[in-house]
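Trainee: Below: one structure in structure tokens.
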Amino acid sequence: MKDLAYSRPDTHISSRLNRKKWNIKRNWPLHMMLIPAVLLTIIFQYVPMAGIVIAFQDFKPWLGFTGSKWVGLDNFRFLFRYPDVNQVIWNTLVIAFFKIIAGLIAPFLFAVLLNELRSMVFKRVTQTLVYLPHFLSWVILGGILLDILSPEGGMVNKLVTALGGQPIFFLGDGDWFRVTLIVSDVWKEFGFGTIVFLASLAGINPALYEAAEVDGASRFKQTIHITFPAIMPIAIVLMTLSIGNILNAGFDQVFNLYNPLVYEKGDIIDTFVYRLGILNGKMSFATTVGLFKSIVGTILIVISYRLAYKLANYRVF
């Protein structure tokens, strides 16, 4: 009996290894298809990480990694004393926070409203129309927004003046610039986010609505007591996972819309690093800022995954 008991773990491990070998033999074409993606990830994601060493050097491009002076943590000490850094971090947090909140509320409510439509043709056409802006780049949308938000002849300001107001410099006033960033980002992306909530709505058991209707519940009450609770878990998951992106306020969007007039309220970490590293040639300091952002972002991602598991029993891996 003892020999049999002691042999069980080995047998279990052996059977597991055999299953893995069998899986590899059976699915080897699928594994081979992964090789290009793995190679591209290594080449473009992991190999460039060697450049992190620049954050610990007084890097000079003509001297390279080996010839540049090693300064240790001096760049990080300078980072926390740099006068503009606190404002840039604050701008990033404010813009990213409101983008995340508005970017969850808008598709959540729109999906619920779209789900209540009876006409499938109208429903699909509407969904397609709100989804289309997701495929437009911020280069194109930036040009469109510059035109329609112009204080001189822009479509929006013509409407404002027609209603008796004064023209608003949306892209030249810091406070209005933040609002413009948030609203335009929601307009571009909420159609894509709606798909996630519609998929969740499709999984609701129709018998729940039928039972509620038999009990005399109105459509509004059905929405409050059936629809909202059913899609709340996915909303919690998206919210918690968004915490990891709190330091990503949207480089493409800000870069195509901002100007020196709104640096104080609209400059974010990514555009700050671009100006320092590419335009001003301060590569070591720019790398330091980027590395600091990456470290904080990694910590926030781990926290968000933990919260998603605790609040919604959702596991990424």
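So you can find residues: chains in the structure tokens are A, B, ... in the order shown, residues in each start at 1, and ligands are numbered from 1 in order.
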Considering only C-alpha atoms, tabulate each residue of segment 196-260 of chain A that lies at most 10 Å from segment 87-103 of chain A along with its nearest interatomic pair and the corresponding distance in Å to one decimal; arrange the rows by chain and ascending residue number and present them as a Markdown table.
Mentor:
| residue | atom | partner | partner_atom | distance |
| --- | --- | --- | --- | --- |
| A:Leu238 | CA | A:Ile100 | CA | 9.4 |
| A:Met239 | CA | A:Ile100 | CA | 7.6 |
| A:Ser242 | CA | A:Ile100 | CA | 6.7 |
| A:Ile243 | CA | A:Ile100 | CA | 8.4 |
| A:Asn245 | CA | A:Ala96 | CA | 7.6 |
| A:Ile246 | CA | A:Ala96 | CA | 5.4 |
| A:Leu247 | CA | A:Thr92 | CA | 6.0 |
| A:Asn248 | CA | A:Ala96 | CA | 6.4 |
| A:Ala249 | CA | A:Ala96 | CA | 4.5 |
| A:Gly250 | CA | A:Ala96 | CA | 7.9 |
Trainee: Write down as a VMD selection string the residues of segment 53-214 of chain A whose backbone DSSP state falls under helix (DSSP H, G or I).
Mentor: chain A and resid 53 to 56 64 to 67 74 to 81 85 to 115 120 to 135 138 to 148 155 to 162 174 to 202 206 to 214
Trainee: Do a neighbour search on Thr128 of chain A at 12 Å with only C-alpha atoms, toss out local chain neighbours closer than 3 positions, and write the hits as a list in words.
Mentor: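 Counting only the stated atoms, we get Leu114, Val121, Phe122, Lys123, Arg124, Val125, Tyr131, Leu132, Pro133, His134, Phe135, Phe190, Gly191, Phe192, Thr194 and Ile195 of chain A.
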Trainee: Just write the chosen residues, all heavy atoms, as a short mmCIF file (atom, residue, chain, number, x, y, z; two decimals), in the first residue's frame.
Mentor:
data_model
loop_
_atom_site.label_atom_id
_atom_site.label_comp_id
_atom_site.auth_asym_id
_atom_site.auth_seq_id
_atom_site.Cartn_x
_atom_site.Cartn_y
_atom_site.Cartn_z
N LEU A 114 -29.43 51.27 -26.50
CA LEU A 114 -29.45 50.58 -27.78
C LEU A 114 -30.13 49.21 -27.66
O LEU A 114 -30.81 48.75 -28.58
CB LEU A 114 -28.02 50.40 -28.30
CG LEU A 114 -27.81 50.15 -29.79
CD1 LEU A 114 -28.34 51.32 -30.60
CD2 LEU A 114 -26.34 49.92 -30.08
N VAL A 121 -32.84 46.84 -37.68
CA VAL A 121 -32.16 47.58 -38.74
C VAL A 121 -31.62 48.90 -38.18
O VAL A 121 -30.45 49.24 -38.36
CB VAL A 121 -33.10 47.84 -39.93
CG1 VAL A 121 -32.42 48.74 -40.96
CG2 VAL A 121 -33.54 46.53 -40.56
N PHE A 122 -32.48 49.65 -37.50
CA PHE A 122 -32.06 50.92 -36.91
C PHE A 122 -30.96 50.70 -35.87
O PHE A 122 -30.02 51.49 -35.75
CB PHE A 122 -33.27 51.61 -36.27
CG PHE A 122 -32.96 52.97 -35.72
CD1 PHE A 122 -32.74 54.05 -36.56
CD2 PHE A 122 -32.86 53.17 -34.34
CE1 PHE A 122 -32.45 55.31 -36.05
CE2 PHE A 122 -32.57 54.42 -33.83
CZ PHE A 122 -32.37 55.49 -34.69
N LYS A 123 -31.09 49.63 -35.11
CA LYS A 123 -30.12 49.30 -34.07
C LYS A 123 -28.74 49.05 -34.68
O LYS A 123 -27.73 49.58 -34.20
CB LYS A 123 -30.60 48.07 -33.30
CG LYS A 123 -29.72 47.65 -32.14
CD LYS A 123 -30.35 46.47 -31.42
CE LYS A 123 -29.50 46.01 -30.25
NZ LYS A 123 -30.12 44.87 -29.54
N ARG A 124 -28.68 48.27 -35.75
CA ARG A 124 -27.40 47.95 -36.38
C ARG A 124 -26.79 49.15 -37.08
O ARG A 124 -25.56 49.35 -37.04
CB ARG A 124 -27.60 46.80 -37.36
CG ARG A 124 -27.85 45.46 -36.68
CD ARG A 124 -28.23 44.38 -37.66
NE ARG A 124 -28.49 43.11 -36.99
CZ ARG A 124 -29.00 42.05 -37.58
NH1 ARG A 124 -29.31 42.10 -38.87
NH2 ARG A 124 -29.22 40.93 -36.90
N VAL A 125 -27.63 49.95 -37.74
CA VAL A 125 -27.13 51.15 -38.41
C VAL A 125 -26.54 52.13 -37.39
O VAL A 125 -25.45 52.68 -37.59
CB VAL A 125 -28.25 51.84 -39.22
CG1 VAL A 125 -27.80 53.21 -39.70
CG2 VAL A 125 -28.65 50.97 -40.40
N TYR A 131 -19.56 53.46 -34.20
CA TYR A 131 -18.33 52.67 -34.16
C TYR A 131 -17.28 53.18 -35.14
O TYR A 131 -16.08 53.00 -34.92
CB TYR A 131 -18.69 51.21 -34.46
CG TYR A 131 -17.57 50.22 -34.34
CD1 TYR A 131 -16.74 50.21 -33.22
CD2 TYR A 131 -17.33 49.28 -35.35
CE1 TYR A 131 -15.71 49.29 -33.11
CE2 TYR A 131 -16.30 48.35 -35.24
CZ TYR A 131 -15.49 48.37 -34.11
OH TYR A 131 -14.47 47.45 -33.99
N LEU A 132 -17.72 53.87 -36.21
CA LEU A 132 -16.81 54.29 -37.27
C LEU A 132 -15.68 55.22 -36.80
O LEU A 132 -14.54 55.07 -37.26
CB LEU A 132 -17.60 54.97 -38.39
CG LEU A 132 -18.39 54.04 -39.32
CD1 LEU A 132 -19.19 54.83 -40.33
CD2 LEU A 132 -17.45 53.06 -40.03
N PRO A 133 -15.94 56.21 -35.91
CA PRO A 133 -14.83 57.11 -35.51
C PRO A 133 -13.64 56.39 -34.89
O PRO A 133 -12.52 56.92 -34.91
CB PRO A 133 -15.51 58.04 -34.48
CG PRO A 133 -16.94 58.03 -34.84
CD PRO A 133 -17.21 56.64 -35.34
N HIS A 134 -13.85 55.19 -34.36
CA HIS A 134 -12.75 54.43 -33.75
C HIS A 134 -11.65 54.15 -34.78
O HIS A 134 -10.47 54.04 -34.41
CB HIS A 134 -13.29 53.12 -33.17
CG HIS A 134 -12.23 52.16 -32.72
ND1 HIS A 134 -11.51 52.36 -31.55
CD2 HIS A 134 -11.74 51.02 -33.28
CE1 HIS A 134 -10.65 51.37 -31.41
NE2 HIS A 134 -10.76 50.56 -32.44
N PHE A 135 -12.02 54.05 -36.06
CA PHE A 135 -11.05 53.69 -37.09
C PHE A 135 -10.32 54.91 -37.66
O PHE A 135 -9.42 54.75 -38.49
CB PHE A 135 -11.76 52.94 -38.23
CG PHE A 135 -12.32 51.62 -37.80
CD1 PHE A 135 -13.67 51.50 -37.52
CD2 PHE A 135 -11.52 50.51 -37.67
CE1 PHE A 135 -14.20 50.28 -37.12
CE2 PHE A 135 -12.04 49.29 -37.27
CZ PHE A 135 -13.39 49.17 -37.00
N PHE A 190 -16.36 55.60 -27.67
CA PHE A 190 -17.46 54.97 -26.93
C PHE A 190 -18.21 53.94 -27.78
O PHE A 190 -18.80 52.99 -27.25
CB PHE A 190 -18.43 56.02 -26.38
CG PHE A 190 -19.53 56.44 -27.31
CD1 PHE A 190 -20.80 55.89 -27.20
CD2 PHE A 190 -19.30 57.42 -28.27
CE1 PHE A 190 -21.82 56.29 -28.04
CE2 PHE A 190 -20.32 57.82 -29.12
CZ PHE A 190 -21.59 57.25 -29.01
N GLY A 191 -18.16 54.07 -29.11
CA GLY A 191 -18.78 53.06 -29.97
C GLY A 191 -18.09 51.72 -29.85
O GLY A 191 -18.74 50.67 -29.84
N PHE A 192 -16.77 51.75 -29.71
CA PHE A 192 -16.01 50.51 -29.53
C PHE A 192 -16.30 49.90 -28.16
O PHE A 192 -16.48 48.68 -28.03
CB PHE A 192 -14.51 50.80 -29.66
CG PHE A 192 -13.64 49.59 -29.52
CD1 PHE A 192 -13.48 48.71 -30.58
CD2 PHE A 192 -12.97 49.33 -28.34
CE1 PHE A 192 -12.67 47.59 -30.45
CE2 PHE A 192 -12.17 48.21 -28.20
CZ PHE A 192 -12.01 47.34 -29.27
N THR A 194 -18.98 50.20 -26.49
CA THR A 194 -20.37 49.72 -26.47
C THR A 194 -20.45 48.24 -26.82
O THR A 194 -21.31 47.51 -26.31
CB THR A 194 -21.22 50.54 -27.46
OG1 THR A 194 -21.17 51.92 -27.09
CG2 THR A 194 -22.68 50.07 -27.45
N ILE A 195 -19.56 47.78 -27.70
CA ILE A 195 -19.58 46.38 -28.13
C ILE A 195 -19.42 45.43 -26.94
O ILE A 195 -20.08 44.40 -26.85
CB ILE A 195 -18.47 46.13 -29.17
CG1 ILE A 195 -18.74 46.94 -30.44
CG2 ILE A 195 -18.34 44.65 -29.50
CD1 ILE A 195 -17.64 46.87 -31.46
#
Trainee: Could you please determine the separation between atom CA of Phe170 of chain A and atom CA of Val139 of chain A in Å, to one decimal place?
Mentor: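 Pair atom CA of Phe170 of chain A / atom CA of Val139 of chain A returns 17.6 Å.
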Trainee: For a quick check of understanding, using only C-alpha atoms, which of A:Leu63, A:Val85, A:Leu201, A:Leu241 has the smallest distance to Leu109 of chain A?
Mentor: A:Leu201
Trainee: Suppose you want the space between atom CA of Phe78 of chain A and atom CA of Pro61 of chain A; what is it in Å?
Mentor: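 Here the two named atoms are 20.6 Å from each other.
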Trainee: Using only C-alpha atoms, can you tell me which of A:Val71, A:Leu40, A:Leu261, A:Ala308 comes closest to Asp175 of chain A?
Mentor: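 So, comparing all the options, the nearest one is A:Leu261.
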Trainee: Just checking: using only C-alpha atoms, which residue out of A:Asn205, A:Ser284, A:Trp22, A:Leu136 ends up closest to Gly72 of chain A?
Mentor: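 Looking only at the distances to Gly72 of chain A, the closest residue turns out to be A:Ser284.
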Trainee: So which residues touch Phe59 of chain A within 12 Å, counting only C-alpha atoms, skipping near sequence neighbours fewer than 4 positions away, as a list in words?
Mentor: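 Close residues of Phe59 of chain A: Gly51, Ile52, Val53, Ile54, Ala55, Leu63, Gly64, Phe65, Thr66, Gly67, Ser68, Lys69, Trp70, Val71, Gly72, Asn75, Gly277, Gly281, Lys282, Met283, Ser284, Phe285, Ala286, Thr287 and Thr288 of chain A.
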Trainee: Counting only C-alpha atoms, which of A:Arg81, A:Asp252, A:Glu152, A:Val214 gets nearest to Gln166 of chain A?
Mentor: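 Nearest candidate to Gln166 of chain A out of A:Arg81, A:Asp252, A:Glu152, A:Val214: A:Glu152.
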Trainee: Rounded to one decimal place, report the atom CA of Lys60 of chain A-atom CA of Leu279 of chain A distance in Å.
Mentor: 14.8 Å
Trainee: Between A:Gly172, A:Pro167, A:Pro36, A:Pro107, which residue has the minimum interatomic distance to Gly193 of chain A, considering only C-alpha atoms?
Mentor: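 Looking only at the distances to Gly193 of chain A, the closest residue turns out to be A:Pro107.
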Trainee: List as number ranges by chain the protein and nucleic acid residues near Ile224 of chain A, meaning an atom at most 12 Å away when only C-alpha atoms are counted, but skip any in the same chain fewer than 6 places from it.
Mentor: A: 109, 112, 209, 212, 217-218, 230-232
Trainee: Please, could you write that set of residues out with N, CA and C atoms as a PDB file, in the first residue's frame?
Mentor:
ATOM      1  N   LEU A 109     -24.266  53.417 -20.745  1.00  0.00           N
ATOM      2  CA  LEU A 109     -25.627  53.925 -20.935  1.00  0.00           C
ATOM      3  C   LEU A 109     -26.089  53.747 -22.380  1.00  0.00           C
ATOM      4  N   VAL A 112     -27.186  50.185 -23.015  1.00  0.00           N
ATOM      5  CA  VAL A 112     -28.491  49.911 -22.414  1.00  0.00           C
ATOM      6  C   VAL A 112     -29.606  50.498 -23.277  1.00  0.00           C
ATOM      7  N   TYR A 209     -36.618  38.596 -18.097  1.00  0.00           N
ATOM      8  CA  TYR A 209     -37.492  39.685 -18.543  1.00  0.00           C
ATOM      9  C   TYR A 209     -38.945  39.211 -18.656  1.00  0.00           C
ATOM     10  N   ALA A 212     -40.383  39.046 -15.200  1.00  0.00           N
ATOM     11  CA  ALA A 212     -40.625  40.394 -14.680  1.00  0.00           C
ATOM     12  C   ALA A 212     -41.845  41.024 -15.342  1.00  0.00           C
ATOM     13  N   ALA A 217     -43.765  44.335 -14.105  1.00  0.00           N
ATOM     14  CA  ALA A 217     -42.665  45.306 -14.085  1.00  0.00           C
ATOM     15  C   ALA A 217     -42.596  46.048 -15.417  1.00  0.00           C
ATOM     16  N   SER A 218     -42.427  47.358 -15.355  1.00  0.00           N
ATOM     17  CA  SER A 218     -42.289  48.171 -16.565  1.00  0.00           C
ATOM     18  C   SER A 218     -40.902  47.975 -17.166  1.00  0.00           C
ATOM     19  N   ALA A 230     -26.934  42.819 -14.268  1.00  0.00           N
ATOM     20  CA  ALA A 230     -26.322  41.797 -15.120  1.00  0.00           C
ATOM     21  C   ALA A 230     -25.017  42.274 -15.755  1.00  0.00           C
ATOM     22  N   ILE A 231     -24.952  43.562 -16.118  1.00  0.00           N
ATOM     23  CA  ILE A 231     -23.731  44.052 -16.778  1.00  0.00           C
ATOM     24  C   ILE A 231     -22.813  44.811 -15.821  1.00  0.00           C
ATOM     25  N   MET A 232     -23.210  44.922 -14.566  1.00  0.00           N
ATOM     26  CA  MET A 232     -22.351  45.618 -13.603  1.00  0.00           C
ATOM     27  C   MET A 232     -21.007  44.921 -13.390  1.00  0.00           C
TER      28      MET A 232
END
Trainee: Rank nothing, just name the residue among A:Gly154, A:Val196, A:Ile148, A:Phe80 nearest to Phe110 of chain A, using only C-alpha atoms.
Mentor: A:Val196
Trainee: Write out as a PyMOL selection string the set of residues from segment 15-71 of chain A that DSSP, computed on the backbone, places in strand (DSSP E).
Mentor: chain A and resi 57-58+69-70
